[in-house]
>>> print(open('input-v6.csv').read())   # CSV, C-alpha atoms
chain,number,residue,atom,x,y,z
Q,7,MET,CA,28.7,-38.6,40.9
Q,8,LYS,CA,31.3,-35.9,41.7
Q,9,LYS,CA,32.1,-35.7,38.0
Q,10,PHE,CA,28.5,-35.2,37.2
Q,11,SER,CA,28.1,-32.5,39.8
Q,12,LEU,CA,31.2,-30.8,38.4
Q,13,ILE,CA,29.7,-30.8,34.9
Q,14,ILE,CA,26.5,-29.3,36.2
Q,15,ALA,CA,28.5,-26.6,38.1
Q,16,ILE,CA,30.4,-25.7,34.9
Q,17,ILE,CA,27.3,-25.4,32.9
Q,18,ALA,CA,25.7,-23.2,35.5
Q,19,LEU,CA,28.7,-20.9,35.5
Q,20,MET,CA,28.7,-20.7,31.7
Q,21,LEU,CA,25.0,-19.8,31.8
Q,22,LEU,CA,25.6,-17.2,34.4
Q,23,PHE,CA,28.5,-15.8,32.5
Q,24,SER,CA,26.5,-15.6,29.3
Q,25,ILE,CA,23.7,-13.7,31.1
Q,26,ASN,CA,26.1,-11.3,32.6
Q,27,VAL,CA,27.8,-10.5,29.3
Q,28,SER,CA,24.5,-10.1,27.2
Q,29,ALA,CA,24.3,-6.7,25.8
Q,30,LYS,CA,21.7,-4.3,27.2
Q,31,VAL,CA,19.9,-1.7,25.2
Q,32,GLY,CA,22.3,1.2,24.7
Q,33,ASP,CA,25.5,-0.9,25.0
Q,34,ILE,CA,28.1,-0.5,22.3
Q,35,VAL,CA,28.2,-3.7,20.2
Q,36,GLY,CA,30.3,-2.6,17.3
Q,37,SER,CA,31.6,0.1,15.1
Q,38,ILE,CA,30.4,1.8,11.9
Q,39,TYR,CA,32.9,2.4,9.2
Q,40,SER,CA,33.2,4.7,6.2
Q,41,THR,CA,33.1,3.2,2.7
Q,42,ASP,CA,34.2,4.0,-0.8
Q,43,ILE,CA,31.1,2.1,-2.1
Q,44,LEU,CA,28.6,4.4,-3.8
Q,45,ALA,CA,25.0,3.4,-2.9
Q,46,LEU,CA,22.1,4.2,-5.2
Q,47,ILE,CA,18.3,4.0,-4.8
Q,48,ASN,CA,16.9,3.7,-8.3
Q,49,GLY,CA,19.9,5.5,-9.7
Q,50,THR,CA,20.0,8.3,-7.1
Q,51,PRO,CA,22.9,8.4,-4.6
Q,52,ILE,CA,22.2,7.9,-1.0
Q,53,GLN,CA,24.6,8.2,2.0
Q,54,SER,CA,25.9,4.7,3.0
Q,55,TYR,CA,28.2,3.1,5.6
Q,56,ASN,CA,29.9,-0.2,6.3
Q,57,ILE,CA,28.9,-2.6,9.0
Q,58,ASP,CA,30.7,-6.0,9.1
Q,59,GLY,CA,31.4,-5.8,5.4
Q,60,LYS,CA,27.8,-5.0,4.4
Q,61,THR,CA,26.5,-1.7,3.0
Q,62,VAL,CA,23.9,0.0,5.2
Q,63,ILE,CA,21.8,3.1,4.7
Q,64,ILE,CA,19.8,5.2,7.2
Q,65,ALA,CA,16.2,4.1,7.2
Q,66,GLU,CA,15.0,7.6,7.9
Q,67,ASP,CA,16.8,9.0,4.8
Q,68,LEU,CA,14.5,6.9,2.7
Q,69,ILE,CA,11.8,9.6,3.1
Q,70,ASN,CA,13.7,11.4,0.3
Q,71,TYR,CA,13.6,8.4,-2.0
Q,72,GLY,CA,9.9,7.6,-2.3
Q,73,TYR,CA,9.3,6.1,1.1
Q,74,ARG,CA,7.7,7.1,4.3
Q,75,CYS,CA,8.9,6.3,7.8
Q,76,ASP,CA,6.5,6.1,10.8
Q,77,TRP,CA,7.8,5.8,14.4
Q,78,PHE,CA,5.5,4.1,17.0
Q,79,GLU,CA,6.9,4.9,20.4
Q,80,THR,CA,4.7,2.6,22.4
Q,81,GLU,CA,5.6,-0.4,20.3
Q,82,ARG,CA,9.2,0.7,19.7
Q,83,LYS,CA,8.7,0.2,16.0
Q,84,LEU,CA,9.9,1.9,12.9
Q,85,VAL,CA,7.7,1.3,9.9
Q,86,VAL,CA,9.1,2.0,6.4
Q,87,SER,CA,6.7,1.9,3.5
Q,88,ARG,CA,7.2,2.3,-0.2
Q,89,GLY,CA,4.7,4.5,-2.1
Q,90,TYR,CA,4.2,7.9,-3.6
Q,91,TRP,CA,5.4,9.7,-0.5
Q,92,GLY,CA,8.6,11.7,0.1
Q,93,ASP,CA,10.1,15.1,-0.7
Q,94,TRP,CA,12.8,13.5,-2.9
Q,95,VAL,CA,16.5,14.3,-2.5
Q,96,THR,CA,17.7,17.4,-4.2
Q,97,TYR,CA,20.0,17.2,-7.2
Q,98,ILE,CA,22.7,19.1,-5.3
Q,99,GLU,CA,22.6,16.8,-2.3
Q,100,ALA,CA,22.7,13.7,-4.6
Q,101,GLU,CA,25.7,15.0,-6.5
Q,102,ARG,CA,27.4,15.8,-3.2
Q,103,ILE,CA,27.0,12.2,-2.1
Q,104,ARG,CA,28.2,10.9,-5.5
Q,105,ASN,CA,31.3,13.1,-5.4
Q,106,GLU,CA,32.3,12.6,-1.8
Q,107,ARG,CA,32.8,8.9,-1.4
Q,108,GLY,CA,34.5,8.1,1.9
Q,109,GLN,CA,37.8,6.3,2.6
Q,110,VAL,CA,37.7,2.6,3.5
Q,111,GLY,CA,37.9,1.7,7.1
Q,112,GLU,CA,37.6,5.0,9.0
Q,113,ILE,CA,35.6,4.5,12.2
Q,114,LEU,CA,32.7,7.0,12.1
Q,115,GLY,CA,30.8,5.9,15.3
Q,116,ASN,CA,29.4,3.2,17.4
Q,117,ILE,CA,26.7,0.6,16.9
Q,118,TYR,CA,24.4,0.3,19.9
Q,119,GLU,CA,22.2,-2.5,21.1
Q,120,THR,CA,18.6,-1.7,20.3
Q,121,ASP,CA,15.2,-3.1,21.0
Q,122,ILE,CA,13.6,-1.3,18.1
Q,123,GLN,CA,11.7,-3.4,15.5
Q,124,VAL,CA,12.1,-2.3,11.9
Q,125,THR,CA,9.8,-3.3,9.1
Q,126,VAL,CA,10.0,-2.5,5.4
Q,127,ASN,CA,6.8,-2.9,3.4
Q,128,ASN,CA,5.3,-5.0,6.2
Q,129,HIS,CA,8.3,-7.4,6.6
Q,130,GLU,CA,10.7,-7.3,9.5
Q,131,ILE,CA,14.3,-6.5,8.8
Q,132,THR,CA,17.4,-6.2,11.0
Q,133,GLY,CA,18.0,-2.7,12.2
Q,134,TYR,CA,21.2,-1.1,13.6
Q,135,ASN,CA,21.2,1.8,16.1
Q,136,LEU,CA,23.7,4.3,14.9
Q,137,ASN,CA,23.8,7.1,17.4
Q,138,GLY,CA,20.0,7.4,17.5
Q,139,ARG,CA,19.4,6.7,13.9
Q,140,THR,CA,18.4,3.3,12.4
Q,141,ALA,CA,20.4,1.7,9.6
Q,142,ILE,CA,19.3,-1.2,7.4
Q,143,CYS,CA,21.4,-3.3,5.0
Q,144,ILE,CA,21.0,-3.0,1.2
Q,145,GLU,CA,22.0,-6.6,0.7
Q,146,ASP,CA,19.2,-7.7,3.1
Q,147,LEU,CA,16.7,-5.6,1.3
Q,148,GLY,CA,17.5,-7.3,-2.0
Q,149,ARG,CA,17.5,-10.9,-0.9
Q,150,LEU,CA,15.1,-13.0,-2.9
Q,151,ASP,CA,14.7,-16.0,-0.5
Q,152,ASP,CA,11.4,-16.4,1.2
Q,153,SER,CA,9.8,-13.8,-1.2
Q,154,ALA,CA,6.4,-14.0,-2.8
Q,155,ASN,CA,7.7,-11.6,-5.3
Q,156,SER,CA,10.7,-13.7,-6.5
Q,157,GLN,CA,9.0,-14.7,-9.7
Q,158,PHE,CA,9.2,-11.0,-10.8
Q,159,GLY,CA,12.8,-10.7,-9.5
Q,160,TYR,CA,12.0,-8.8,-6.3
Q,161,SER,CA,12.4,-9.5,-2.6
Q,162,LYS,CA,9.6,-9.5,-0.1
Q,163,TYR,CA,10.7,-5.9,0.6
Q,164,LEU,CA,9.9,-5.0,-3.0
Q,165,ALA,CA,13.5,-4.5,-4.0
Q,166,ARG,CA,16.4,-6.0,-5.8
Q,167,ALA,CA,20.1,-5.3,-5.2
Q,168,PHE,CA,22.8,-5.1,-7.8
Q,169,TRP,CA,26.6,-5.0,-7.2
Q,170,ASN,CA,29.1,-3.5,-9.7
Q,171,GLY,CA,32.5,-4.6,-8.4
Q,172,GLU,CA,34.4,-2.7,-11.1
Q,173,GLU,CA,32.9,0.7,-10.2
Q,174,ARG,CA,32.2,-0.3,-6.5
Q,175,ILE,CA,28.5,0.6,-6.8
Q,176,ILE,CA,25.7,-1.1,-5.1
Q,177,GLU,CA,22.2,-0.2,-6.3
Q,178,LEU,CA,18.8,-0.9,-4.8
Q,179,LYS,CA,16.0,-1.0,-7.4
Q,180,THR,CA,12.3,-1.0,-6.6
Q,181,PRO,CA,9.3,-1.2,-8.9
Q,182,GLN,CA,8.9,2.3,-10.3
Q,183,PRO,CA,5.2,3.4,-10.2
Q,184,ASP,CA,4.1,4.5,-13.6
Q,185,ASN,CA,1.7,7.3,-14.0
Q,186,LEU,CA,-1.3,5.3,-15.2
Q,187,LYS,CA,-3.4,8.4,-15.7
Q,188,MET,CA,-5.5,8.1,-18.8
Q,189,ASP,CA,-7.1,11.6,-18.9
Q,190,PHE,CA,-10.9,11.4,-19.0
Q,191,TRP,CA,-10.9,7.6,-18.7
Q,192,VAL,CA,-12.5,5.7,-15.9
Q,193,LEU,CA,-10.4,2.6,-14.9
Q,194,ILE,CA,-12.4,0.0,-13.0
Q,195,GLN,CA,-10.7,-2.8,-11.1
Q,196,LYS,CA,-12.8,-5.8,-12.1
Q,197,ASP,CA,-10.9,-8.4,-10.1
Q,198,ASP,CA,-7.4,-8.9,-8.5
Q,199,THR,CA,-5.6,-8.8,-11.8
Q,200,LEU,CA,-7.8,-7.1,-14.4
Q,201,VAL,CA,-8.7,-3.5,-15.2
Q,202,VAL,CA,-11.5,-2.5,-17.6
Q,203,HIS,CA,-12.1,1.0,-18.7
Q,204,SER,CA,-14.5,3.5,-20.3
Q,205,PHE,CA,-14.0,6.9,-21.7
Q,206,ASP,CA,-15.9,9.6,-19.8
Q,207,PRO,CA,-15.7,13.2,-21.1
Q,208,MET,CA,-17.7,14.2,-18.0
Q,209,ALA,CA,-14.6,13.4,-15.9
Q,210,ILE,CA,-12.3,16.2,-15.1
Q,211,TYR,CA,-8.8,16.8,-16.6
Q,212,ASP,CA,-6.8,15.6,-13.7
Q,213,GLY,CA,-6.2,12.0,-14.6
Q,214,SER,CA,-8.2,8.8,-14.5
Q,215,ARG,CA,-10.7,7.9,-11.8
Q,216,TYR,CA,-10.2,4.5,-10.2
Q,217,GLU,CA,-12.9,2.2,-8.9
Q,218,TYR,CA,-11.6,-0.9,-7.1
Q,219,SER,CA,-13.4,-4.1,-6.5
Q,220,PRO,CA,-13.9,-5.5,-2.9
Q,221,GLY,CA,-10.8,-7.2,-1.6
Q,222,PHE,CA,-8.5,-5.6,-4.1
Q,223,ARG,CA,-6.3,-4.1,-1.4
Q,224,ASP,CA,-6.2,-7.2,0.8
Q,225,GLU,CA,-2.6,-8.2,0.0
Q,226,ARG,CA,-0.2,-5.3,0.3
Q,227,TYR,CA,3.3,-5.1,-1.2
Q,228,VAL,CA,2.8,-8.4,-3.1
Q,229,LEU,CA,3.5,-8.1,-6.8
Q,230,LYS,CA,0.8,-9.4,-9.1
Q,231,PRO,CA,0.4,-9.4,-12.9
Q,232,PHE,CA,-1.7,-6.6,-14.2
Q,233,TYR,CA,-4.0,-7.0,-17.2
Q,234,VAL,CA,-6.0,-4.6,-19.3
Q,235,GLU,CA,-9.1,-5.8,-21.1
Q,236,ILE,CA,-9.8,-4.5,-24.6
Q,237,ASP,CA,-13.0,-5.6,-26.2
Q,238,GLY,CA,-13.2,-8.8,-24.1
Q,239,GLU,CA,-9.5,-9.7,-24.7
Q,240,LYS,CA,-7.0,-9.6,-21.9
Q,241,PHE,CA,-3.5,-8.1,-22.4
Q,242,GLU,CA,-0.8,-8.5,-19.8
Q,243,ALA,CA,0.3,-4.9,-19.2
Q,244,GLY,CA,2.7,-5.1,-16.3
Q,245,ILE,CA,2.7,-5.7,-12.5
Q,246,TYR,CA,1.1,-3.9,-9.6
Q,247,TYR,CA,1.1,-3.8,-5.9
Q,248,ILE,CA,-1.1,-2.3,-3.2
Q,249,ILE,CA,0.2,0.6,-1.2
Q,250,ASP,CA,-0.1,0.2,2.6
Q,251,GLY,CA,-2.6,2.6,4.2
Q,252,HIS,CA,-3.3,4.3,0.8
Q,253,GLN,CA,-6.4,4.1,-1.3
Q,254,SER,CA,-4.5,3.2,-4.4
Q,255,ALA,CA,-2.1,0.9,-6.1
Q,256,CYS,CA,1.3,1.3,-7.8
Q,257,TYR,CA,1.6,0.0,-11.4
Q,258,GLU,CA,4.7,-0.7,-13.3
Q,259,LEU,CA,3.8,-1.1,-17.0
Q,260,TYR,CA,5.9,-3.0,-19.5
Q,261,ASP,CA,5.0,-0.5,-22.3
Q,262,MET,CA,3.0,2.6,-21.2
Q,263,ASP,CA,2.6,4.0,-24.7
Q,264,ALA,CA,1.4,0.7,-26.1
Q,265,ILE,CA,-1.2,0.3,-23.4
Q,266,LYS,CA,-2.5,3.8,-23.8
Q,267,GLU,CA,-2.7,3.2,-27.6
Q,268,LEU,CA,-4.7,0.0,-27.1
Q,269,ILE,CA,-7.1,1.7,-24.7
Q,270,GLU,CA,-7.5,4.8,-26.9
Q,271,SER,CA,-8.4,2.5,-29.9
Q,272,THR,CA,-11.7,1.6,-28.1
Q,273,ARG,CA,-12.7,5.2,-27.6
Q,274,PRO,CA,-16.3,5.8,-28.7
Q,275,PRO,CA,-17.1,8.3,-31.6
Q,276,ARG,CA,-16.9,11.9,-30.7
Q,277,LYS,CA,-20.0,14.0,-30.7
Q,278,THR,CA,-20.3,16.7,-33.4
Q,279,TYR,CA,-20.2,20.3,-32.2
Q,280,ASP,CA,-24.0,20.7,-32.3
Q,281,GLU,CA,-24.5,17.4,-30.6
Q,282,ALA,CA,-22.1,18.3,-27.9
Q,283,ILE,CA,-23.8,21.7,-27.2
Q,284,ASP,CA,-27.3,20.2,-27.1
Q,285,TYR,CA,-26.1,17.3,-24.9
Q,286,LEU,CA,-24.5,19.7,-22.3
Q,287,TYR,CA,-27.6,21.9,-22.1
Q,288,ASP,CA,-29.8,18.9,-21.7
Q,289,TYR,CA,-27.5,17.2,-19.2
Q,290,HIS,CA,-27.5,20.2,-16.9
Q,291,ALA,CA,-31.1,21.4,-17.4
Q,292,ALA,CA,-32.4,20.1,-14.1
Q,293,GLU,CA,-29.9,21.3,-11.6
Q,294,TYR,CA,-27.7,23.9,-13.4
Q,295,SER,CA,-28.2,27.1,-15.4
Q,296,LEU,CA,-25.9,28.5,-18.1
Q,297,TYR,CA,-23.7,31.1,-16.3
Q,298,GLU,CA,-21.5,32.3,-19.2
Q,299,ARG,CA,-20.5,31.4,-22.7
Q,300,ILE,CA,-17.4,32.5,-24.7
Q,301,ASP,CA,-16.3,31.6,-28.2
Q,302,ASN,CA,-13.4,31.9,-30.5
Q,303,ASP,CA,-12.7,30.4,-33.9
Q,304,ASP,CA,-11.9,26.9,-32.6
Q,305,TYR,CA,-13.7,26.5,-29.3
Q,306,THR,CA,-16.8,27.3,-27.2
Q,307,ILE,CA,-16.5,27.5,-23.5
Q,308,LEU,CA,-19.6,26.9,-21.5
Q,309,CYS,CA,-19.8,27.6,-17.7
Q,310,PHE,CA,-22.8,26.1,-15.8
Q,311,LEU,CA,-23.7,27.3,-12.3
Q,312,GLU,CA,-25.5,24.9,-10.0
Q,313,ASN,CA,-28.8,26.1,-8.7
Q,314,ARG,CA,-28.2,27.1,-5.2
Q,315,LYS,CA,-29.8,24.9,-2.5
Q,316,GLU,CA,-31.0,26.1,0.8
Q,317,GLY,CA,-28.2,26.2,3.4
Q,318,ALA,CA,-25.4,25.9,0.7
Q,319,PHE,CA,-22.0,27.4,1.6
Q,320,TYR,CA,-20.6,27.4,-1.9
Q,321,ASP,CA,-21.7,28.1,-5.5
Q,322,ASN,CA,-20.4,25.4,-7.8
Q,323,TYR,CA,-19.3,26.2,-11.4
Q,324,ILE,CA,-18.5,23.7,-14.1
Q,325,PHE,CA,-16.6,24.5,-17.3
Q,326,TYR,CA,-16.7,22.6,-20.6
Q,327,ALA,CA,-14.7,23.1,-23.8
Q,328,VAL,CA,-16.5,22.2,-27.0
Q,329,LYS,CA,-14.4,21.9,-30.1
Q,330,LYS,CA,-15.8,23.4,-33.2
Q,331,THR,CA,-14.7,20.3,-35.2
Q,332,GLY,CA,-16.3,18.0,-32.7
Q,333,GLY,CA,-15.8,16.6,-29.2
Q,334,PHE,CA,-16.1,18.1,-25.8
Q,335,LEU,CA,-14.5,17.7,-22.3
Q,336,LYS,CA,-15.1,18.9,-18.8
Q,337,VAL,CA,-12.0,21.1,-18.2
Q,338,PHE,CA,-12.5,22.8,-14.9
Q,339,TYR,CA,-14.7,23.4,-11.9
Q,340,VAL,CA,-14.6,25.8,-8.9
Q,341,SER,CA,-16.6,26.4,-5.7
Q,342,VAL,CA,-17.0,30.0,-4.5
Q,343,ASP,CA,-18.3,31.2,-1.2
Q,344,VAL,CA,-22.0,32.2,-1.5
Q,345,ASN,CA,-21.2,35.5,0.1
Q,346,GLU,CA,-18.7,36.5,-2.5
Q,347,THR,CA,-19.8,39.5,-4.5
Q,348,ARG,CA,-17.2,39.4,-7.2
Q,349,PRO,CA,-18.0,37.3,-10.3
Q,350,VAL,CA,-16.3,34.3,-11.7
Q,351,THR,CA,-15.1,35.3,-15.2
Q,352,MET,CA,-13.3,33.5,-18.0
Q,353,GLU,CA,-11.5,34.6,-21.2
Q,354,PHE,CA,-9.4,33.3,-24.0
Q,355,SER,CA,-5.7,34.2,-23.9
Q,356,ASN,CA,-2.7,33.4,-26.1
Q,357,GLY,CA,-4.7,31.8,-28.8
Q,358,ASN,CA,-6.6,28.8,-27.5
Q,359,SER,CA,-5.6,29.0,-23.8
Q,360,VAL,CA,-8.3,29.8,-21.3
Q,361,ALA,CA,-8.0,31.8,-18.1
Q,362,ILE,CA,-10.6,31.6,-15.3
Q,363,PHE,CA,-10.8,34.1,-12.5
Q,364,GLU,CA,-11.9,32.7,-9.1
Q,365,PRO,CA,-12.5,35.5,-6.6
Q,366,THR,CA,-12.0,33.3,-3.5
Q,367,TYR,CA,-10.2,30.0,-3.2
Q,368,GLN,CA,-12.6,27.5,-1.5
Q,369,GLY,CA,-13.5,30.0,1.1
Q,370,ARG,CA,-9.9,30.1,2.5
Q,371,GLY,CA,-9.5,33.8,2.3
Q,372,ILE,CA,-7.2,33.7,-0.7
Q,373,THR,CA,-8.4,36.2,-3.3
Q,374,GLY,CA,-7.9,36.8,-7.0
Q,375,ILE,CA,-6.9,33.3,-8.1
Q,376,ILE,CA,-6.3,32.8,-11.9
Q,377,HIS,CA,-6.9,29.3,-12.9
Q,378,GLY,CA,-7.1,27.7,-16.3
Q,379,PRO,CA,-7.3,24.5,-18.2
Q,380,GLY,CA,-4.4,26.0,-20.2
Q,381,ASP,CA,-3.9,25.3,-23.9
Q,382,LEU,CA,-7.0,23.5,-25.2
Q,383,ASP,CA,-5.1,22.3,-28.2
Q,384,SER,CA,-3.2,19.9,-25.9
Q,385,TYR,CA,-6.4,18.2,-24.7
Q,386,PRO,CA,-7.5,14.8,-26.1
Q,387,PHE,CA,-10.9,15.8,-27.6
>>> encode(input="input-v6.csv", output="structure tokens")
Amino acid sequence: MKKFSLIIAIIALMLLFSINVSAKVGDIVGSIYSTDILALINGTPIQSYNIDGKTVIIAEDLINYGYRCDWFETERKLVVSRGYWGDWVTYIEAERIRNERGQVGEILGNIYETDIQVTVNNHEITGYNLNGRTAICIEDLGRLDDSANSQFGYSKYLARAFWNGEERIIELKTPQPDNLKMDFWVLIQKDDTLVVHSFDPMAIYDGSRYEYSPGFRDERYVLKPFYVEIDGEKFEAGIYYIIDGHQSACYELYDMDAIKELIESTRPPRKTYDEAIDYLYDYHAAEYSLYERIDNDDYTILCFLENRKEGAFYDNYIFYAVKKTGGFLKVFYVSVDVNETRPVTMEFSNGNSVAIFEPTYQGRGITGIIHGPGDLDSYPF
């Protein structure tokens, strides 16, 4: 019995000791070291450090590498998300990091116990408090275990890590969003893995318009195969993932040029010059009036002004280019304060380039803006 009581007492003392020595938030729990390892994010150098033999980077630095970082004070949570965001690191800063590798083993500071939760692309990851900044490990970001993206070679954080021992370089690679803009095309998300399309010359020259099906954005940061449908036949075009908190998706295409060529092959016949002119006049007959027309040897520019409605704050102008050899496209539009007395004007300049004068910019007090669709010869008529 005495022996049993002694065992219980020892266990109690051990528990008490473990409680007393548990680190509290803010306690020093380790050191951060310099490293001669060059860390890259998709080929661009990023400042890195060594913790327990692993390469870490500062999570907040990722805002210059295509990520965003959001801090939630109440929840003590740092949310790192991949997308189109970020100011991107400058070339000068990237080269400074590349050329100024540290020496191995120099103590640079302390690691502090932290209660901060860190997530990358909706998945929790270990974070280290380095003098008020949060570090995360590149090797952790690239681990493929427990990843719904492993079939595509990516971790659940949408990353893969590569080590080059000879050059002492560690690189984190992420799916690189391709610019899936098909100017004047409408890309319609038909289901979770398929896009169908249609050419629309009434779209504007600022890239494709996307229309997503219900539920398309339900799973975020999970890679899925992406298909394009051409005349009822599906072609595997690449992979895509949904961006958290953003009304869009990121696509990584296997062969951008090939996909564009396939889609372009289904484009409907172009209208002749006379057909295009008649079509535009008829299309706008109910709600617009012809405001101005200019011509040169190769193109006609038509500007239609929307009939002003009661209580309107802006006058809306739409500009079309009609090619004399056939085809037309909507190339520009502006909205001008109804109280503006100076006219919207347009003219050809430098051959087939078009300049449009907008007296006020969306009512923001900026005056004398020169816009322009630019060189019409570069447009896909």
>>> atom_distance(input="input-v6.csv", atom1="CA of Pro207 in chain Q", atom2="CA of Lys336 in chain Q")
6.2 Å
>>> closest_residue(input="input-v6.csv", among="Q:Tyr279, Q:Asp58, Q:Ser204, Q:Glu79", to="Gly111 in chain Q", atoms="all atoms listed in the file")
Q:Asp58
>>> atom_distance(input="input-v6.csv", atom1="CA of Tyr323 in chain Q", atom2="CA of Pro365 in chain Q")
12.5 Å
>>> atom_distance(input="input-v6.csv", atom1="CA of Asn358 in chain Q", atom2="CA of Val337 in chain Q")
13.2 Å
>>> closest_residue(input="input-v6.csv", among="Q:Leu44, Q:Val350, Q:Leu164, Q:Ile38", to="Asp146 in chain Q", atoms="all atoms listed in the file")
Q:Leu164
>>> closest_residue(input="input-v6.csv", among="Q:Asn345, Q:Asn302, Q:Lys179, Q:Tyr297", to="Tyr320 in chain Q", atoms="only C-alpha atoms")
Q:Asn345
>>> residues_near_point(input="input-v6.csv", point="(-16.0, 16.6, -22.1)", cutoff="7 Å", atoms="all atoms listed in the file", output="ChimeraX atom specification")
/Q:207-208,326-327,334-336
>>> closest_residue(input="input-v6.csv", among="Q:Asn135, Q:Thr180, Q:Ser295, Q:Thr80", to="Ile34 in chain Q", atoms="all atoms listed in the file")
Q:Asn135
>>> closest_residue(input="input-v6.csv", among="Q:Val344, Q:Asp301, Q:Asp237, Q:Phe310", to="Val360 in chain Q", atoms="only C-alpha atoms")
Q:Asp301
>>> closest_residue(input="input-v6.csv", among="Q:Tyr305, Q:Ala243, Q:Arg348, Q:Ser54", to="Leu268 in chain Q", atoms="all atoms listed in the file")
Q:Ala243
>>> decode(input="input-v6.csv", residues="range 150-190 of chain Q", atoms="C-alpha atoms", output="short mmCIF file (atom, residue, chain, number, x, y, z; two decimals), in the first residue's frame")
data_model
loop_
_atom_site.label_atom_id
_atom_site.label_comp_id
_atom_site.auth_asym_id
_atom_site.auth_seq_id
_atom_site.Cartn_x
_atom_site.Cartn_y
_atom_site.Cartn_z
CA LEU Q 150 1.50 15.53 -50.15
CA ASP Q 151 0.09 13.36 -47.36
CA ASP Q 152 -3.57 13.87 -46.55
CA SER Q 153 -4.03 15.95 -49.71
CA ALA Q 154 -7.03 15.90 -52.03
CA ASN Q 155 -4.68 17.41 -54.63
CA SER Q 156 -2.04 14.67 -54.50
CA GLN Q 157 -3.16 13.14 -57.82
CA PHE Q 158 -1.97 16.35 -59.47
CA GLY Q 159 1.24 16.45 -57.43
CA TYR Q 160 0.15 19.23 -55.05
CA SER Q 161 -0.38 19.40 -51.31
CA LYS Q 162 -3.59 20.43 -49.61
CA TYR Q 163 -2.00 23.88 -49.42
CA LEU Q 164 -1.83 23.93 -53.25
CA ALA Q 165 1.94 23.69 -53.31
CA ARG Q 166 4.85 21.34 -53.98
CA ALA Q 167 8.36 21.65 -52.58
CA PHE Q 168 11.58 20.82 -54.46
CA TRP Q 169 15.04 20.50 -52.93
CA ASN Q 170 18.26 20.98 -54.92
CA GLY Q 171 21.02 19.77 -52.64
CA GLU Q 172 23.83 20.62 -55.02
CA GLU Q 173 22.88 24.30 -55.26
CA ARG Q 174 21.22 24.39 -51.82
CA ILE Q 175 17.96 25.74 -53.18
CA ILE Q 176 14.48 24.91 -51.96
CA GLU Q 177 11.59 25.98 -54.15
CA LEU Q 178 7.88 26.12 -53.47
CA LYS Q 179 5.81 25.83 -56.61
CA THR Q 180 2.10 26.52 -56.85
CA PRO Q 181 -0.35 26.19 -59.75
CA GLN Q 182 0.22 29.23 -61.90
CA PRO Q 183 -3.07 30.84 -62.95
CA ASP Q 184 -3.20 31.23 -66.70
CA ASN Q 185 -4.87 34.22 -68.26
CA LEU Q 186 -7.86 32.42 -69.73
CA LYS Q 187 -9.09 35.58 -71.39
CA MET Q 188 -10.54 34.84 -74.80
CA ASP Q 189 -11.36 38.32 -75.96
CA PHE Q 190 -14.98 38.68 -77.04
#
